[in-house]
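> Hey, dropping final-v3.cif in here, mmCIF, C-alpha atoms:
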data_work
loop_
_atom_site.label_atom_id
_atom_site.label_comp_id
_atom_site.auth_asym_id
_atom_site.auth_seq_id
_atom_site.Cartn_x
_atom_site.Cartn_y
_atom_site.Cartn_z
CA MET A 1 -8.28 3.05 26.06
CA ASN A 2 -7.80 6.79 25.89
CA PHE A 3 -8.27 7.84 22.28
CA THR A 4 -7.97 11.57 22.96
CA GLU A 5 -4.67 11.07 24.80
CA GLY A 6 -3.41 8.72 22.11
CA GLU A 7 -3.77 5.13 20.88
CA TYR A 8 -2.69 2.96 17.95
CA ILE A 9 -5.42 1.18 15.98
CA TYR A 10 -4.41 -1.54 13.52
CA ILE A 11 -6.83 -1.85 10.59
CA ASN A 12 -6.91 -4.37 7.73
CA LYS A 13 -7.94 -1.95 4.99
CA PRO A 14 -10.51 -3.42 2.61
CA TYR A 15 -10.25 -3.53 -1.19
CA GLY A 16 -11.64 -0.51 -3.01
CA MET A 17 -11.48 1.98 -0.13
CA THR A 18 -9.00 4.82 0.23
CA SER A 19 -6.80 5.00 3.31
CA PHE A 20 -8.54 8.26 4.23
CA GLY A 21 -11.92 6.55 3.85
CA ALA A 22 -10.86 3.87 6.34
CA LEU A 23 -9.55 6.57 8.68
CA ALA A 24 -12.80 8.54 8.45
CA PHE A 25 -14.86 5.41 9.20
CA VAL A 26 -12.86 4.76 12.38
CA ARG A 27 -12.60 8.40 13.47
CA THR A 28 -16.36 8.93 13.23
CA ARG A 29 -17.04 5.96 15.50
CA ILE A 30 -14.37 6.65 18.10
CA SER A 31 -15.40 10.33 18.27
CA ARG A 32 -19.00 9.25 18.89
CA LYS A 33 -17.82 6.74 21.50
CA VAL A 34 -15.73 9.32 23.34
CA GLY A 35 -18.44 11.97 23.00
CA VAL A 36 -16.41 14.63 21.21
CA LYS A 37 -16.87 16.24 17.81
CA ARG A 38 -13.62 14.94 16.33
CA VAL A 39 -10.80 12.87 17.79
CA LYS A 40 -7.48 13.81 16.19
CA THR A 41 -6.55 10.87 13.94
CA GLY A 42 -3.94 10.16 11.28
CA HIS A 43 -2.54 7.17 9.41
CA ALA A 44 1.02 5.96 8.87
CA GLY A 45 1.58 5.12 5.22
CA THR A 46 -1.06 5.39 2.51
CA LEU A 47 -2.38 2.27 0.80
CA ASP A 48 -3.80 2.49 -2.73
CA PRO A 49 -7.58 1.96 -2.97
CA LEU A 50 -7.04 -1.39 -4.74
CA ALA A 51 -4.60 -2.58 -2.05
CA THR A 52 -5.55 -4.27 1.21
CA GLY A 53 -3.76 -4.90 4.49
CA VAL A 54 -2.03 -3.22 7.40
CA LEU A 55 -3.04 0.39 8.00
CA ILE A 56 -1.86 1.89 11.29
CA LEU A 57 -4.10 4.64 12.65
CA CYS A 58 -2.82 6.97 15.36
CA THR A 59 -5.04 9.08 17.62
CA GLY A 60 -4.34 12.02 19.90
CA LYS A 61 -0.69 12.52 20.82
CA LYS A 62 0.26 9.29 19.05
CA THR A 63 -0.14 11.18 15.74
CA LYS A 64 3.33 12.59 16.50
CA GLU A 65 4.66 9.06 15.85
CA ILE A 66 3.38 8.91 12.25
CA GLU A 67 6.61 10.09 10.65
CA ARG A 68 8.64 7.54 12.61
CA LEU A 69 6.25 4.71 11.77
CA GLN A 70 6.45 5.53 8.06
CA LEU A 71 10.19 4.82 8.18
CA ASP A 72 9.61 1.22 9.30
CA THR A 73 10.18 -1.69 6.93
CA LYS A 74 7.08 -2.89 5.10
CA GLU A 75 6.17 -6.29 3.68
CA TYR A 76 3.79 -6.90 0.79
CA THR A 77 2.43 -9.79 -1.19
CA ALA A 78 1.48 -9.06 -4.79
CA THR A 79 0.18 -10.77 -7.92
CA LEU A 80 1.53 -9.61 -11.28
CA GLN A 81 0.01 -10.23 -14.69
CA LEU A 82 2.79 -10.45 -17.25
CA GLY A 83 2.43 -9.47 -20.89
CA ALA A 84 0.22 -6.40 -20.42
CA THR A 85 0.42 -2.90 -18.94
CA THR A 86 -2.05 -0.32 -17.67
CA PRO A 87 -1.50 3.45 -17.18
CA SER A 88 -1.72 3.08 -13.39
CA TYR A 89 0.25 -0.22 -13.29
CA ASP A 90 -2.74 -1.90 -11.60
CA LEU A 91 -6.42 -2.64 -12.29
CA GLU A 92 -7.59 0.95 -11.78
CA HIS A 93 -7.22 1.42 -15.54
CA GLU A 94 -7.79 -0.81 -18.56
CA VAL A 95 -4.92 -2.55 -20.37
CA ASP A 96 -3.25 -0.11 -22.78
CA ALA A 97 -0.61 -2.38 -24.36
CA THR A 98 0.28 -6.07 -24.66
CA TYR A 99 3.69 -7.72 -25.04
CA PRO A 100 5.21 -11.10 -25.89
CA THR A 101 5.58 -13.62 -23.05
CA ALA A 102 6.64 -16.83 -24.83
CA HIS A 103 10.26 -16.26 -23.78
CA ILE A 104 9.47 -15.89 -20.06
CA THR A 105 10.41 -18.85 -17.86
CA GLU A 106 10.51 -19.25 -14.10
CA GLU A 107 14.30 -19.30 -14.27
CA LEU A 108 14.32 -15.97 -16.13
CA VAL A 109 11.90 -14.48 -13.59
CA ARG A 110 14.10 -15.52 -10.65
CA THR A 111 17.19 -14.08 -12.35
CA VAL A 112 15.42 -10.78 -13.03
CA LEU A 113 14.04 -10.47 -9.48
CA ALA A 114 17.52 -10.88 -8.00
CA GLY A 115 18.53 -7.68 -9.79
CA PHE A 116 16.00 -5.62 -7.84
CA VAL A 117 17.30 -6.47 -4.35
CA GLY A 118 19.23 -3.72 -2.59
CA GLU A 119 19.24 0.02 -3.24
CA ILE A 120 17.68 0.84 -6.60
CA GLN A 121 16.30 3.84 -8.46
CA GLN A 122 12.55 3.90 -8.94
CA VAL A 123 10.25 6.34 -10.74
CA PRO A 124 6.91 6.68 -8.89
CA PRO A 125 3.67 6.01 -10.80
CA GLN A 126 2.19 8.97 -12.64
CA TYR A 127 -1.11 8.04 -11.01
CA SER A 128 0.18 8.62 -7.47
CA ALA A 129 -0.07 11.14 -4.65
CA CYS A 130 3.41 12.53 -5.40
CA LYS A 131 3.35 16.32 -5.61
CA ILE A 132 4.40 18.36 -8.62
CA GLY A 133 4.44 22.08 -7.89
CA GLY A 134 1.91 21.61 -5.10
CA ASP A 135 -0.49 19.44 -7.14
CA ARG A 136 -0.95 15.68 -6.81
CA ALA A 137 0.39 13.79 -9.83
CA TYR A 138 -2.78 11.72 -10.24
CA LYS A 139 -4.95 14.85 -10.35
CA LEU A 140 -2.77 16.32 -13.11
CA LYS A 141 -2.95 13.07 -15.07
CA ARG A 142 -6.74 12.98 -14.80
CA LYS A 143 -6.80 16.48 -16.28
CA GLY A 144 -4.84 15.15 -19.24
CA GLU A 145 -1.61 16.95 -18.32
CA ASP A 146 1.84 15.49 -18.90
CA VAL A 147 3.45 14.31 -15.66
CA GLN A 148 7.22 13.89 -15.26
CA LEU A 149 8.44 12.38 -11.98
CA ALA A 150 12.08 11.99 -10.99
CA ALA A 151 13.58 8.65 -9.95
CA LYS A 152 14.12 8.15 -6.22
CA SER A 153 16.44 5.87 -4.29
CA ILE A 154 14.56 3.07 -2.52
CA HIS A 155 15.68 -0.11 -0.77
CA ILE A 156 14.35 -3.61 -1.42
CA HIS A 157 15.41 -5.88 1.45
CA GLU A 158 13.89 -9.10 0.08
CA LEU A 159 12.11 -10.04 -3.14
CA GLU A 160 10.84 -13.61 -3.31
CA LEU A 161 8.96 -15.41 -6.08
CA THR A 162 6.25 -17.50 -4.38
CA ARG A 163 4.32 -18.65 -7.48
CA PHE A 164 4.79 -18.67 -11.25
CA ASP A 165 2.12 -19.91 -13.66
CA ALA A 166 3.47 -20.32 -17.19
CA GLU A 167 0.00 -20.83 -18.64
CA THR A 168 -1.65 -17.68 -17.31
CA MET A 169 1.63 -15.74 -17.10
CA GLN A 170 0.83 -14.71 -13.55
CA MET A 171 3.29 -14.60 -10.67
CA ASP A 172 3.13 -13.94 -6.94
CA ILE A 173 5.89 -12.16 -5.06
CA ARG A 174 6.70 -11.25 -1.46
CA VAL A 175 8.50 -7.94 -0.98
CA ARG A 176 10.19 -6.45 2.09
CA CYS A 177 11.09 -2.85 1.41
CA GLY A 178 11.84 0.56 2.85
CA LYS A 179 10.01 3.89 2.80
CA GLY A 180 8.84 5.32 -0.51
CA THR A 181 8.65 2.04 -2.44
CA TYR A 182 5.80 1.72 -4.92
CA ILE A 183 4.96 -1.93 -5.61
CA ARG A 184 3.08 -0.80 -8.73
CA SER A 185 6.29 0.73 -10.08
CA LEU A 186 8.18 -2.42 -9.11
CA ALA A 187 5.70 -4.46 -11.19
CA ARG A 188 6.21 -2.09 -14.14
CA ASP A 189 10.00 -2.39 -13.87
CA ILE A 190 9.92 -6.18 -13.51
CA GLY A 191 7.86 -6.37 -16.70
CA ARG A 192 10.37 -4.20 -18.56
CA ALA A 193 13.31 -6.23 -17.24
CA LEU A 194 11.61 -9.34 -18.62
CA ASN A 195 11.42 -7.62 -22.05
CA SER A 196 7.65 -7.65 -21.69
CA GLY A 197 5.11 -5.78 -19.60
CA ALA A 198 3.42 -6.29 -16.23
CA HIS A 199 0.80 -4.81 -13.93
CA LEU A 200 -0.57 -5.62 -10.48
CA THR A 201 -3.79 -7.58 -10.10
CA ALA A 202 -3.59 -7.86 -6.29
CA LEU A 203 -1.61 -6.16 -3.52
CA CYS A 204 -1.66 -6.66 0.24
CA ARG A 205 0.53 -5.02 2.89
CA THR A 206 1.15 -7.89 5.28
CA GLN A 207 3.42 -6.06 7.74
CA LEU A 208 4.45 -2.54 8.76
CA GLY A 209 7.21 -2.49 11.34
CA SER A 210 6.27 -5.03 14.00
CA VAL A 211 2.56 -4.94 13.12
CA ARG A 212 1.40 -7.94 11.09
CA ILE A 213 -1.89 -8.38 9.26
CA GLU A 214 -2.90 -10.96 11.88
CA ASP A 215 -2.85 -8.12 14.44
CA CYS A 216 -5.35 -6.03 12.47
CA ILE A 217 -9.11 -5.52 12.75
CA THR A 218 -11.38 -5.46 9.72
CA LEU A 219 -13.74 -2.50 9.36
CA ASP A 220 -16.66 -4.93 9.55
CA ASP A 221 -15.46 -6.06 12.98
CA PHE A 222 -14.40 -2.62 14.21
CA PRO A 223 -17.75 -1.49 15.71
CA GLN A 224 -17.97 -4.64 17.83
CA TRP A 225 -14.31 -4.30 18.85
CA LEU A 226 -14.93 -0.69 19.86
CA ASP A 227 -17.96 -1.64 21.95
CA GLN A 228 -15.75 -4.00 23.95
CA GLN A 229 -13.16 -1.35 24.86
CA GLN A 230 -13.09 0.37 28.22
CA ILE A 231 -12.87 4.08 27.45
CA GLU A 232 -10.91 6.50 29.60
CA GLN A 233 -11.38 10.26 29.42
CA SER A 234 -8.45 12.69 29.52
#
In structure tokens, write the structure found in this file.


Amino acid sequence: MNFTEGEYIYINKPYGMTSFGALAFVRTRISRKVGVKRVKTGHAGTLDPLATGVLILCTGKKTKEIERLQLDTKEYTATLQLGATTPSYDLEHEVDATYPTAHITEELVRTVLAGFVGEIQQVPPQYSACKIGGDRAYKLKRKGEDVQLAAKSIHIHELELTRFDAETMQMDIRVRCGKGTYIRSLARDIGRALNSGAHLTALCRTQLGSVRIEDCITLDDFPQWLDQQQIEQS
């Protein structure tokens, strides 16, 4: 492999780590392996810290492909807790409101999900990396400032209910979607469409373009994987 010339590295990002943290972990080790101070490295498509799954890292000249890769279709699996919301729409923050769920049935859920397939308008989470006047929305929110984000057009190719538990009011979904889709916002909107509330308790990106999670290396296994590679110098 020639990391300075350009390679793709497929990582299964762990829970609780930022995408940049995963990138830094890999970059440090490949730079040391190649014997340079810093191999140019970037990632295609940020994953939230509480999300896991496919993270494509690009090195060297392959970093020019990042924008193209970000346009590829993505697939996620997610678990939603119905009847409660959080400010970040996931477990990063505590529950801030609860809602009735007695009226929610699997049939209602399937009917509601069907309404989200296709091109829809979606407002990004206030706790997100979206920029407002040059500042990240989540940084403004953490300072206590009011954040207003505009709705954007996104495309949901498929939205499948894979599990519904009427006792715990939890549901699992599989989503295939286009660029710019926030699954946290989708959870929020599904909750509202059910005349209740919802937030994510688990999220995994299972595919990005042709790269599936089965193709990815965990960070725990990465050092051993790297040791096994034959390194070429530019």

> Return the single residue from A:Tyr76, A:Tyr8, A:Tyr99, A:Phe222 that is closest to Arg192 in chain A, with distances computed using all atoms listed in the file.

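Of all the options, A:Tyr99 lies closest to Arg192 in chain A.
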
> Run through the PyMOL selection byres ((chain A and resi 178) around 6) on the given coordinates and return the selected residues as a short mmCIF file (atom, residue, chain, number, x, y, z; two decimals) with C-alpha atoms, in the coordinates of the input.


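And here's result_10.cif as it stands now:
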data_model
loop_
_atom_site.label_atom_id
_atom_site.label_comp_id
_atom_site.auth_asym_id
_atom_site.auth_seq_id
_atom_site.Cartn_x
_atom_site.Cartn_y
_atom_site.Cartn_z
CA THR A 73 10.18 -1.69 6.93
CA HIS A 155 15.68 -0.11 -0.77
CA CYS A 177 11.09 -2.85 1.41
CA LYS A 179 10.01 3.89 2.80
#

> Between A:Ala51, A:Ala97, A:Ile183, A:Val211, single out the one closest to Pro125 in chain A, counting all atoms listed in the file.

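Closest to Pro125 in chain A, using all atoms listed in the file: A:Ile183.
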
> Name every residue that the PyMOL selection byres ((chain A and resi 106) around 12) selects in this structure, writing the answer as a ChimeraX atom specification with chains first and numbers rising.

/A:101-105,107-113,161-167,169-172,194

> Given the choices A:Thr46, A:Gln122, A:Thr41, A:Thr168, which gets closest to Thr79 in chain A if the distance is worked out from all atoms listed in the file?

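Looking only at the distances to Thr79 in chain A, the closest residue turns out to be A:Thr168.
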
> Write out as a PDB file with C-alpha atoms, in the coordinates of the input the residues lying within 7 Å of Ala78 in chain A, counting all atoms listed in the file and excluding same-chain residues fewer than 3 positions away.


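Generated file (result-v8.pdb):
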ATOM      1  CA  ASP A 172       3.130 -13.940  -6.940  1.00  0.00           C
ATOM      2  CA  ILE A 173       5.890 -12.160  -5.060  1.00  0.00           C
ATOM      3  CA  ARG A 174       6.700 -11.250  -1.460  1.00  0.00           C
ATOM      4  CA  LEU A 200      -0.570  -5.620 -10.480  1.00  0.00           C
ATOM      5  CA  ALA A 202      -3.590  -7.860  -6.290  1.00  0.00           C
ATOM      6  CA  LEU A 203      -1.610  -6.160  -3.520  1.00  0.00           C
ATOM      7  CA  CYS A 204      -1.660  -6.660   0.240  1.00  0.00           C
TER       8      CYS A 204
END

> Measuring between only C-alpha atoms, which one of A:Gly83, A:Gly53, A:Pro14, A:Gly42 shows the shortest distance to Gly191 in chain A?

A:Gly83

> Run the PyMOL selection byres ((chain A and resi 158) around 8) on the file and write out the hits as a ChimeraX atom specification.

/A:117,156-157,159-160,174-177

> From the options A:Thr4, A:Thr218, A:Ser185, A:Gln148, which residue's atoms come nearest to Lys33 in chain A, counting all atoms listed in the file?

A:Thr4
